[in-house]
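Q: Below is the structure I would like to discuss, written out as structure tokens.
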Amino acid sequence: MYRYILRRLLLTIPVLLGLTVIVFLIMSLIPGDPALAILGSYATPENLARLRAELGLDLPLPQQYLVWLGNILQGDFGRSYTLNRPVLDEVLERFSATLILAGTSLAICVVLGVVAGIVSAVRQYGWADRIITLLVLIGISVPAFWLGMLMILLFAVELRWFPVSGMYAIYGGGDLPDLLRHLILPATALAVVAAGVIARLTRSNMLEVLRQDYIRTARAKGLDERRVVFGHAFKVALVNLIPVIGVQAGFVIGGAVYIETVFQWPGIGRMLVNAISTRDILLVQGGVLVVAASYVLFNLCADLLQHWLDPRIKA
Amino acid sequence: MKCSIRHVGAWLVPALLALPLQAHAQTPPNVLVVGQIAEPKSLDPAQVTAVNDFRIVMNLYDGLVRYRDGTLDVEPALATEWDISDDGTVYTFTLRDDVTFHDGSTFDAEAVVFNFERMLDEEHPYHDTGPFPLAFFFSAVDDVEATGEYEVQFTLNEPYAPFLSNLAYPTGLIVSPAAVQEHGDEFGRHPSGTGPFKFEEWISNSRVVASRNDDYWDGPPPLEAVVFRPITDANTRVAEMLAGGIDLMVEVPPDNVAMFAEDPMFEVYEQAGPHLWFLILNLREGPFADKRMRQAINYAIDKRTLVEDVLQGTAEVAAGPTPPAFSWAHNEQLEPYPYNPERARELINEAGFEGAELMFYVTEGGSGMLDPIPMGTAIQADLNAVGLNVEIETYEWNTFLGEVNPGLEGKADMAQMAWMTNDPDTLPFLALRTDAMPDQGGFNSGYYSNPEVDKLLEQARRSTDQDERAALYKEMQTIVHEDAPWAFIANWKQNAVATANIESFRLQPSFFLLLHDVAKP
């Protein structure tokens with residue numbers, strides 16, 4: 001088991017290395033560079049050349065990459081051109097904000113999705129099932145950023161229950177209730193689509209399991225319905241849900257890009273968007289590395305969890 | 001056990017409902033919260049290039065000179081007076097002797113010398129605290145010398161009239177040498193100047209806080225503190241304004257200006273600035289080598305509709321290459337080309353370019369570009385109406401600059417462009433002279449060349465007399481208006497919205513955000 005985990009972790013190294021090469025090449029292929037982005041309309045060839053030399057952008061591409069790689073191996077992620085601050089500080093700070101948002105959101109969508117899916121399966125074709133199916137359809141179809149804006153208008157501007165944007169209050173904030181107040185709207189907006197997907201899959205998995213012989217046996221021996229559904233059926237359905245939740249975790253982190261922009265959440269998605277538009281290649285590399293590494297880890301965790309739930313599935 | 005879910009629900013629902021009841025904090029009294037459009041890149045004035053960052057640094061630092069309130073005329077600041085040698089190459093400034101930096105160190109002539117040498121001298125021990133992208137604002141400076149404890153002398157390598165105006169620009173703001181020595185290349189995050197507000201903290205992606213400088217040489221500001229919040233999404237910025245999370249926001253989207261104007265809770269501010277939005281025309285090849293075609297374009301575009309409908313009144317129609325915000329240098333005799341499609345068609349027929357195919361470069365956004373795609377398509381429709389076939393290619397801003405700045409030859413007939421400058425010299429000198437062609441390091445991407453204009457611009461740059469300079473610029477504008485190397489479209493009016501209780505706030509034609517006098521009782 002430990003050897004398996006170790007092997008999976010070692011396998012991520014070439015994946016990440018290949019990824020950084022691709023990101024580096026793409027960033028060099030798109031026109032414009034950090035010097036052009038910094039100088040804007042003052043970018044005369046002369047000014048550009050001077051600033052490029054100062055930023056080390058005048059070196060040949062492979063050399064730029066090797067310099068970067070050499071620094072990374074020594075734990076130095078470099079300094080962001082545009083933020084004038086160590087890349088690692090920025091990336092870790094931003095990534096922890098994203099984890100808080102995405103983690104909360106994932107918790108919300110798993111709870112909502114699983115509960116809705118179970119209710120809907122148990123009450124197949126009943127009114128609860130119809131309402132849930134309709135809501136799920138709406139949830140999957142609504143763009144998260146648009147839902148976010150509507151939620152801001154209703155809950156923050158009209159009702160003033162929650163703050164519009166940010167992660168903490170500007171004054172006197174910084175504690176847990178403050179964080180929660182800022183978290184509820186973006187986390188919910190982000191959770192809606194994934195909750196819909198999870199609800200659909202929970203429903204179909206549950207329906208399949210509920211039709212199995214051993215469920216009929218359980219009912220026949222007089223178990224109450226609650227134990228049949230939760231004790232026997234759901235446990236089995238869960239095995240198939242775990243990888244889906246793993247994939248949704250990646251989806252939630254990806255979706256955070258829009259939601260972070262709408263709610264000004266200081267997360268890594270918004271950072272990457274800015275870094276790409278200002279051609280801040282070191283920041284893009286650092287950000288992509290962390291996101292990709294976390295994605296690989298999520299999937300590993302999901303696989304291990306599935307194996308633990310159902311040892312027949314080879315981890 | 002039986003009703004456990006219901007039990008949890010019975011606790012959870014009121015708990016969730018109770019959260020919002022702790023109503024979120026409104027902005028505190030006497031503290032101004034400003035909605036910025038982005039996170040600042042640095043708070044080192046020698047390093048920043050964006051208006052967004054200027055808005056903060058202008059309140060933390062002073063320059064030797066500054067723009068007089070509501071104008072682009074230069075007045076004393078850290079220097080009380082100055083003397084210019086007859087040949088216009090030696091500037092001697094007398095400095096205030098009662099100023100200390102926020103970190104407690106003394107402001108004197110040596111501090112000024114440190115500032116300019118750090119930026120301009122590659123051998124300076126603190127030159128590596130850069131880069132200093134706008135250092136070329138002072139490339140005419142040959143030598144800076146402290147000629148007394150409170151007297152400093154700049155020697156220029158040639159007469160350079162915009163020098164004083166450039167000193168009033170953020171690149172000329174004076175930082176504390178002691179703080180640079182202490183923080184090195186981290187100075188941009190630990191700024192120290194002499195300005196009306198002292199830097200307190202910078203929480204990345206959340207806020208920059210500055211508090212009142214009680215010892216400010218020009219009188220302490222009424223506000224206790226200012227908080228700058230980066231809110232990149234315009235809709236979110238508007239929502240924060242409506243919800244009371246900020247007191248002041250700049251760059252209000254045109255769609256929302258009317259809503260704020262009608263609401264007595266808010267006050268809308270507007271100020272035209274030294275900005276010009278224009279089309280670069282390619283004079284080297286194709287239809288626009290013919291002056292009649294260039295004039296035809298200027299007649300064919302309905303600029304009034306562009307500024308009133310597309311930009312919803314957030315800009316004014318431009319008449320020529322020099323924006324009216326440079327009141328002393330702007331030629332008021334010049335009228336914008338009227339919208340006259342008939343005249344345009346006549347000129348196109350005379351020139352024999354009926355039905356010509358034109359390639360038009362449009363950007364998706366960018367500094368000062370306003371609403372480039374709707375503006376581009378409206379212009380395309382106007383030109384189609386006079387029988388020209390315009391094809392649009394759109395580019396993301398950085399790519400666009402990479403295509404347009406090296407020149408339009410072989411690529412396009414026309415391209416959008418906008419400039420915001422601090423001196424009437426800058427734009428025409430960099431973009432309309434024969435010696436400013438792209439291959440010579442200039443921005444004359446349409447290859448305009450008129451020896452008369454070259455002469456006037458060189459002469460204006462060498463003169464140190466404002467009246468003489470004004471006359472030269474006015475003559476230049478008349479010629480350029482007639483030659484029409486560009487289609488002159490719009491001068492942007494900067495806007496801002498503040499809550500109604502904010503007092504003594506005004507926007508500046510420099511587009512700086514000056515908060516020294518602002519009060520929030």
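Following the order of the structure tokens, chains are lettered A, B, ..., residues in each are numbered from 1, and ligands are numbered from 1.
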Distance limit 6 Å, atoms considered: only C-alpha atoms. Which chain A residues sit that close to chain B? Return them as a list in words.
A: Pro31, Gly32, Thr44, Pro45, Thr82, Leu83, Val157, Trp161, Val164 and Pro266 of chain A
Q: Might you pull out every residue within 10 Å of Gly78 of chain A, with only C-alpha atoms counted and same-chain residues fewer than 6 positions away left off, and present them as a ChimeraX atom specification?
A: /A:68,71-72,85-88,282-283,286
Q: Quick one: everything within 10 Å of Tyr448 of chain B, counting only C-alpha atoms, minus sequence neighbours fewer than 2 positions away in the same chain. Send it as a ChimeraX atom specification.
A: /B:280-284,289,431-434,436-437,444-446,450,453,480,483-486
Q: As a VMD selection string, please: all residues of segment 109-226 of chain B that backbone DSSP puts in helix (DSSP H, G or I).
A: chain B and resid 109 to 120 127 to 129 135 to 138 163 to 167 170 to 172 177 to 189
Q: Generate a file of the selected residues that holds C-alpha atoms, formatted as a compact mmCIF listing (two decimals), in the first residue's frame.
A:
# COMPACT_ATOMS: atom_id res chain seq x y z
CA ALA B 109 19.19 68.02 -1.14
CA GLU B 110 21.09 64.74 -0.63
CA ALA B 111 17.79 62.86 -0.52
CA VAL B 112 16.82 64.36 -3.88
CA VAL B 113 20.17 63.41 -5.38
CA PHE B 114 19.77 59.85 -4.03
CA ASN B 115 16.34 59.55 -5.67
CA PHE B 116 17.42 60.53 -9.15
CA GLU B 117 20.73 58.70 -9.08
CA ARG B 118 19.02 55.52 -7.91
CA MET B 119 16.79 55.72 -10.96
CA LEU B 120 19.23 56.96 -13.59
CA HIS B 127 19.86 50.90 -8.73
CA ASP B 128 19.07 47.18 -8.33
CA THR B 129 15.94 48.08 -6.32
CA ALA B 135 13.13 56.45 -15.95
CA PHE B 136 13.29 57.81 -19.52
CA PHE B 137 11.06 60.66 -18.31
CA PHE B 138 14.34 62.00 -16.94
CA PHE B 163 11.14 68.58 -17.41
CA LEU B 164 9.15 70.48 -14.74
CA SER B 165 5.93 68.74 -15.69
CA ASN B 166 7.68 65.37 -15.51
CA LEU B 167 8.89 66.23 -11.99
CA PRO B 170 4.61 60.05 -10.03
CA THR B 171 8.00 59.02 -11.45
CA GLY B 172 9.39 62.25 -9.94
CA PRO B 177 16.61 57.10 1.07
CA ALA B 178 16.78 55.61 4.58
CA ALA B 179 13.77 53.40 3.83
CA VAL B 180 15.25 52.25 0.51
CA GLN B 181 18.49 51.39 2.31
CA GLU B 182 16.60 49.50 4.98
CA HIS B 183 14.20 47.52 2.77
CA GLY B 184 16.14 47.18 -0.51
CA ASP B 185 13.98 45.68 -3.24
CA GLU B 186 11.17 45.24 -0.72
CA PHE B 187 10.83 49.03 -0.51
CA GLY B 188 7.83 48.91 -2.85
CA ARG B 189 5.94 47.10 -0.08
Q: Would you list the contacts of segment 187-195 of chain A as an MDAnalysis selection string, taking every protein, DNA or RNA residue within 9 Å and counting only C-alpha atoms, but skipping same-chain residues closer than 2 positions in sequence?
A: chainID A and resid 101:114 116 136 138:148 151 183:185 197:200 245 248:249 251:252 255:256 258:259
Q: Selected residues, N, CA and C atoms, written as a short mmCIF file (atom, residue, chain, number, x, y, z; two decimals), in the first residue's frame, please.
A:
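Here's the written file result01.cif:
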data_model
loop_
_atom_site.label_atom_id
_atom_site.label_comp_id
_atom_site.auth_asym_id
_atom_site.auth_seq_id
_atom_site.Cartn_x
_atom_site.Cartn_y
_atom_site.Cartn_z
N LEU A 101 -12.32 28.28 0.07
CA LEU A 101 -13.53 28.46 -0.73
C LEU A 101 -13.96 27.14 -1.36
N ALA A 102 -13.02 26.46 -2.02
CA ALA A 102 -13.37 25.25 -2.74
C ALA A 102 -13.75 24.14 -1.77
N GLY A 103 -13.05 24.05 -0.63
CA GLY A 103 -13.36 23.03 0.36
C GLY A 103 -14.77 23.20 0.90
N THR A 104 -15.12 24.43 1.28
CA THR A 104 -16.47 24.70 1.77
C THR A 104 -17.49 24.37 0.70
N SER A 105 -17.17 24.81 -0.50
CA SER A 105 -18.08 24.60 -1.60
C SER A 105 -18.29 23.11 -1.86
N LEU A 106 -17.20 22.36 -1.81
CA LEU A 106 -17.29 20.92 -2.04
C LEU A 106 -18.14 20.27 -0.96
N ALA A 107 -17.94 20.71 0.30
CA ALA A 107 -18.75 20.15 1.39
C ALA A 107 -20.22 20.43 1.14
N ILE A 108 -20.52 21.69 0.74
CA ILE A 108 -21.92 22.05 0.49
C ILE A 108 -22.48 21.19 -0.64
N CYS A 109 -21.71 21.04 -1.74
CA CYS A 109 -22.31 20.35 -2.87
C CYS A 109 -22.43 18.85 -2.61
N VAL A 110 -21.51 18.29 -1.83
CA VAL A 110 -21.64 16.86 -1.52
C VAL A 110 -22.89 16.63 -0.65
N VAL A 111 -23.05 17.45 0.40
CA VAL A 111 -24.20 17.28 1.28
C VAL A 111 -25.50 17.48 0.50
N LEU A 112 -25.60 18.61 -0.21
CA LEU A 112 -26.81 18.90 -0.96
C LEU A 112 -27.07 17.83 -2.02
N GLY A 113 -26.02 17.52 -2.77
CA GLY A 113 -26.16 16.60 -3.90
C GLY A 113 -26.56 15.21 -3.43
N VAL A 114 -25.90 14.71 -2.40
CA VAL A 114 -26.18 13.36 -1.93
C VAL A 114 -27.59 13.29 -1.33
N ALA A 116 -30.17 15.26 -1.92
CA ALA A 116 -31.16 15.40 -2.98
C ALA A 116 -31.24 14.12 -3.81
N VAL A 136 -32.30 20.48 -10.10
CA VAL A 136 -30.98 20.01 -10.52
C VAL A 136 -30.71 20.49 -11.95
N ILE A 138 -31.98 23.08 -13.43
CA ILE A 138 -31.70 24.53 -13.40
C ILE A 138 -30.28 24.76 -12.90
N GLY A 139 -29.94 24.05 -11.82
CA GLY A 139 -28.61 24.23 -11.21
C GLY A 139 -27.48 23.93 -12.19
N ILE A 140 -27.66 22.87 -12.98
CA ILE A 140 -26.60 22.49 -13.92
C ILE A 140 -26.53 23.51 -15.06
N SER A 141 -27.68 24.11 -15.40
CA SER A 141 -27.70 25.00 -16.57
C SER A 141 -27.26 26.43 -16.28
N VAL A 142 -27.42 26.85 -15.02
CA VAL A 142 -27.14 28.26 -14.71
C VAL A 142 -25.62 28.49 -14.64
N PRO A 143 -25.11 29.51 -15.34
CA PRO A 143 -23.68 29.80 -15.20
C PRO A 143 -23.39 30.33 -13.79
N ALA A 144 -22.34 29.80 -13.19
CA ALA A 144 -22.06 30.11 -11.79
C ALA A 144 -21.81 31.61 -11.57
N PHE A 145 -21.12 32.26 -12.53
CA PHE A 145 -20.78 33.68 -12.29
C PHE A 145 -22.04 34.54 -12.32
N TRP A 146 -23.01 34.14 -13.16
CA TRP A 146 -24.25 34.90 -13.25
C TRP A 146 -25.08 34.73 -11.98
N LEU A 147 -25.13 33.47 -11.53
CA LEU A 147 -25.82 33.20 -10.27
C LEU A 147 -25.17 34.02 -9.15
N GLY A 148 -23.83 34.08 -9.17
CA GLY A 148 -23.11 34.85 -8.16
C GLY A 148 -23.52 36.30 -8.17
N MET A 151 -26.93 36.69 -6.72
CA MET A 151 -26.90 36.52 -5.26
C MET A 151 -26.37 37.80 -4.60
N LEU A 183 -17.93 33.92 3.24
CA LEU A 183 -17.77 32.68 2.49
C LEU A 183 -19.09 32.17 1.92
N ILE A 184 -20.20 32.44 2.62
CA ILE A 184 -21.46 31.76 2.28
C ILE A 184 -21.89 31.99 0.82
N LEU A 185 -21.91 33.24 0.37
CA LEU A 185 -22.39 33.50 -0.99
C LEU A 185 -21.49 32.86 -2.05
N VAL A 197 -24.68 17.84 -10.45
CA VAL A 197 -24.07 16.65 -11.04
C VAL A 197 -24.07 15.50 -10.02
N ILE A 198 -23.69 15.83 -8.78
CA ILE A 198 -23.63 14.77 -7.76
C ILE A 198 -25.03 14.22 -7.48
N ALA A 199 -26.03 15.11 -7.45
CA ALA A 199 -27.40 14.66 -7.19
C ALA A 199 -27.85 13.69 -8.27
N ARG A 200 -27.58 14.01 -9.52
CA ARG A 200 -27.99 13.14 -10.63
C ARG A 200 -27.36 11.76 -10.50
N ILE A 245 -16.86 12.53 -7.07
CA ILE A 245 -16.60 13.67 -6.19
C ILE A 245 -15.17 14.16 -6.38
N GLN A 248 -15.23 16.26 -9.33
CA GLN A 248 -15.92 17.52 -9.04
C GLN A 248 -15.04 18.47 -8.22
N ALA A 249 -14.14 17.87 -7.41
CA ALA A 249 -13.23 18.73 -6.63
C ALA A 249 -12.37 19.54 -7.59
N PHE A 251 -13.22 20.26 -10.64
CA PHE A 251 -14.13 21.18 -11.30
C PHE A 251 -14.38 22.42 -10.43
N VAL A 252 -14.55 22.18 -9.14
CA VAL A 252 -14.82 23.30 -8.23
C VAL A 252 -13.62 24.26 -8.20
N GLY A 255 -13.76 26.13 -11.43
CA GLY A 255 -14.87 27.10 -11.43
C GLY A 255 -14.58 28.27 -10.53
N ALA A 256 -13.67 28.08 -9.58
CA ALA A 256 -13.35 29.15 -8.65
C ALA A 256 -12.80 30.37 -9.38
N TYR A 258 -13.99 31.97 -11.98
CA TYR A 258 -15.06 32.97 -12.19
C TYR A 258 -15.56 33.53 -10.88
N ILE A 259 -15.80 32.58 -9.95
CA ILE A 259 -16.42 33.00 -8.69
C ILE A 259 -15.48 33.93 -7.93
#
Q: With only C-alpha atoms as the counted atoms, please give the residues lying no more than 12 Å from Thr80 of chain B, apart from itself and same-chain residues fewer than 5 positions off, as a list of chain:residue names.
A: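 Once the adjacent positions are removed, what remains is B:Gly63, B:Leu64, B:Val65, B:Arg66, B:Val74, B:Glu75, B:Thr92, B:Phe93, B:Thr94, B:Leu95, B:Arg96, B:Asp97, B:Asp98, B:Val99, B:Tyr150, B:Glu151, B:Val152, B:Trp217.
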Q: With only C-alpha atoms as the basis for distance, which of A:Leu16, A:Val284, A:Leu309, A:Ala37 is at the shortest distance from Lys235 of chain A?
A: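 Of all the options, A:Leu309 lies closest to Lys235 of chain A.
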